[in-house]
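Enquirer: Sharing a structure below in structure tokens format, with a few things to ask.
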Amino acid sequence: MGGSSAVGGAAGAGGSAGADRLAPLRGSSTLFGLDPGVAHLNHGSYGAVPVPVQRLQGRLRAELERDPDGFFLEAPERVGRARQEIAAALGGDPNRLALITNVTEGVAIALDTVPLAEGDQVLVTDHGYGVVTRAAERRAAESGASVHCVRLSPHTPDAESVAERVLAAVTPRTRVAVLDLVTSPTARAIATPALLAALRQRGVTTVVDAAHAPGALPVDLGGAAGGADFWVGNLHKWAFAPRATGVLAVDRQWRPRVRPLMFSWEHDRGFPWRVEWRGTFDYTPWLAAPAGFALLKRIGVEQLREHNDRLAAHGQQLLVERAGLRALPALRGLGMRTVRLPPGVAEDEHGAKALMVAVRRTLNTRIAVRPWPGGGILRISAQLYNRPAEYLHLADGLAHLITR
């Protein structure tokens with residue numbers, strides 16, 4: 001359990017959810033090896049690997065070191081079997097998926113696969129993950145295309161309003177749209193099935209950053225790639241896989257054209273082999289990843305999601321009531337929530353990092369803060385190892401930090 005010794009106060013004080021509805025799930029105190037002196041309220045950034053999955057990966061690494069030649073000789077087929085198990089958990093065809101390290105890599109592969117020419121336009125939003133947007137900018141610059149960024153207020157009330165803004169920005173020059181299924185800074189939905197279908201009707205190729213979906217939300221990659229041309233998700237956030245593990249799902253028409261970031265001896269086998277194989281790479285996170293899904297199943301996926309959703313909502317309400325912050329629209333069922341910081345607080349990268357450091361040093365708590373004009377955005381996460389008292393401690397301490 002993370003953070004229990006770093007916080008104080010009554011677990012049920014304040015907030016909309018009582019402590020009786022936020023009771024820890026059975027076994028949650030022994031599944032993780034997190035520092036108990038820190039409240040880890042930022043699962044959405046790097047995840048936390050459960051101890052049983054860590055141990056399995058350790059055994060795989062020991063196996064590698066006992067016989068490197070044999071391990072790498074068999075690795076492509078073993079990766080293929082692991083992909084089959086992962087695909088089953090995500091409702092997809094294993095030939096539609098490739099294992100990758102993370103979403104940033106998958107988006108780069110997708111952008112390198114889609115042909116762009118001078119005058120074409122790549123559509124992104126200002127809620128996108130920073131380096132993903134930068135990858136789109138680099139790809140556009142190399143081909144003579146341009147990037148159009150759709151500005152969305154963090155307070156835009158619902159997914160329908162977001163879709164209206166995105167579709168209004170589409171022009172005959174729009175070639176590809178890179179959109180988040182769940183945004184990193186604001187934890188809200190953008191790439192809904194309705195929006196993806198509307199973009200497809202307009203002839204726009206879609207690349208979906210689904211970093212927070214596997215394990216946290218229902219995922220069905222049957223048929224098209226989650227309704228997108230390219231769908232990329234991380235498994236080391238909410239699906240309990242070791243870092244760094246992700247999946248790239250590709251719609252049928254694009255699979256023969258996928259350009260991996262490097263050539264390998266498996267290139268001529270086509271997708272997904274040409275994407276997955278990379279020589280003397282550490283494949284143990286991918287081979288251990290199915291164990292994360294198996295653990296989720298044993299815990300009870302729906303039970304865990306409901307627990308995380310309620311706990312994150314409780315934390316958000318405490319930040320509103322006790323720290324005077326403004327709640328931002330939430331995606332129900334997701335174990336993340338966001339609040340708006342006051343004007344002048346964390347409006348740039350330096351200020352956001354400074355606040356995260358101050359919260360760590362003063363409150364022994366890990367959070368995510370993203371810069372935003374008019375007041376930064378603070379994001380909290382909730383996972384099996386979190387407790388209500390941690391959010392109370394954050395809310396009370398933060399109220400003093402941002403006003404002094």
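So you can find residues: chains in the structure tokens are A, B, ... in the order shown, residues in each start at 1, and ligands are numbered from 1 in order.
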Per residue of segment 303-400 of chain A within 12 Å of segment 226-237 of chain A, record the nearest atom pair and its distance in Å to one decimal, counting only C-alpha atoms, with rows in chain order and ascending residue number, as JSON lines.
Expert:
{"residue": "A:Gly335", "atom": "CA", "partner": "A:Lys237", "partner_atom": "CA", "distance": 11.3}
{"residue": "A:Met336", "atom": "CA", "partner": "A:Lys237", "partner_atom": "CA", "distance": 11.8}
{"residue": "A:Ser381", "atom": "CA", "partner": "A:Lys237", "partner_atom": "CA", "distance": 10.9}
{"residue": "A:Ala382", "atom": "CA", "partner": "A:Lys237", "partner_atom": "CA", "distance": 11.7}
{"residue": "A:Gln383", "atom": "CA", "partner": "A:Lys237", "partner_atom": "CA", "distance": 10.3}
Enquirer: Convert the current residue selection to file output with C-alpha atoms, as a compact mmCIF listing (two decimals), in the first residue's frame.
Expert:
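Once written, selection.txt looks like this:
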# COMPACT_ATOMS: atom_id res chain seq x y z
CA GLY A 335 -9.79 6.35 -12.16
CA MET A 336 -8.52 9.86 -12.93
CA SER A 381 -5.35 9.06 -10.09
CA ALA A 382 -6.87 6.27 -8.03
CA GLN A 383 -5.70 2.69 -7.97
Enquirer: Please identify all polymer residues within 7 Å of segment 125-128 of chain A, counting only C-alpha atoms, omitting same-chain residues fewer than 3 positions from it, and present them as a list in words.
Expert: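 Non-adjacent residues within range: Thr133, Cys149, Val150, Arg151, Leu152, Leu179, Asp180, Thr183, Ser184, Pro185 and Thr186 of chain A.
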Enquirer: Between A:Val124, A:Ala98, A:Ala198, A:Val79, which has the minimum distance to Leu287 of chain A (counting only C-alpha atoms)?
Expert: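 That would be A:Val79, the residue with the smallest distance to Leu287 of chain A.
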Enquirer: Would you kindly return, as a PyMOL selection string, each protein, DNA or RNA residue with an atom no farther than 6 Å from any atom of segment 359-371 of chain A, considering only C-alpha atoms and excluding same-chain residues fewer than 6 positions away?
Expert: chain A and resi 38-42+185+346-349+352+377-380
Enquirer: For C-alpha atoms, I'd like the residues from the last selection saved as a PDB file, in the first residue's frame.
Expert:
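For reference, again.pdb as written:
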ATOM      1  CA  VAL A  38       4.733   8.430  -0.188  1.00  0.00           C
ATOM      2  CA  ALA A  39       1.144   8.861  -1.368  1.00  0.00           C
ATOM      3  CA  HIS A  40       1.270   7.739  -4.995  1.00  0.00           C
ATOM      4  CA  LEU A  41      -1.654   9.622  -6.562  1.00  0.00           C
ATOM      5  CA  ASN A  42      -0.225   9.604 -10.091  1.00  0.00           C
ATOM      6  CA  PRO A 185      -3.603  16.606 -19.050  1.00  0.00           C
ATOM      7  CA  ALA A 346       1.399  26.473 -12.874  1.00  0.00           C
ATOM      8  CA  GLU A 347       0.677  28.408 -16.049  1.00  0.00           C
ATOM      9  CA  ASP A 348       3.982  27.360 -17.616  1.00  0.00           C
ATOM     10  CA  GLU A 349       6.178  24.257 -17.570  1.00  0.00           C
ATOM     11  CA  ALA A 352       3.960  23.059 -13.106  1.00  0.00           C
ATOM     12  CA  ILE A 377      -4.427  21.603 -14.346  1.00  0.00           C
ATOM     13  CA  LEU A 378      -3.857  19.162 -11.499  1.00  0.00           C
ATOM     14  CA  ARG A 379      -4.617  15.493 -12.135  1.00  0.00           C
ATOM     15  CA  ILE A 380      -5.062  12.789  -9.536  1.00  0.00           C
TER      16      ILE A 380
END
Enquirer: Using only C-alpha atoms, find the one residue out of A:Ile299, A:Ala168, A:Val339, A:Leu181 that sits nearest to Val207 of chain A.
Expert: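 Counting only C-alpha atoms, the residue closest to Val207 of chain A is A:Leu181.
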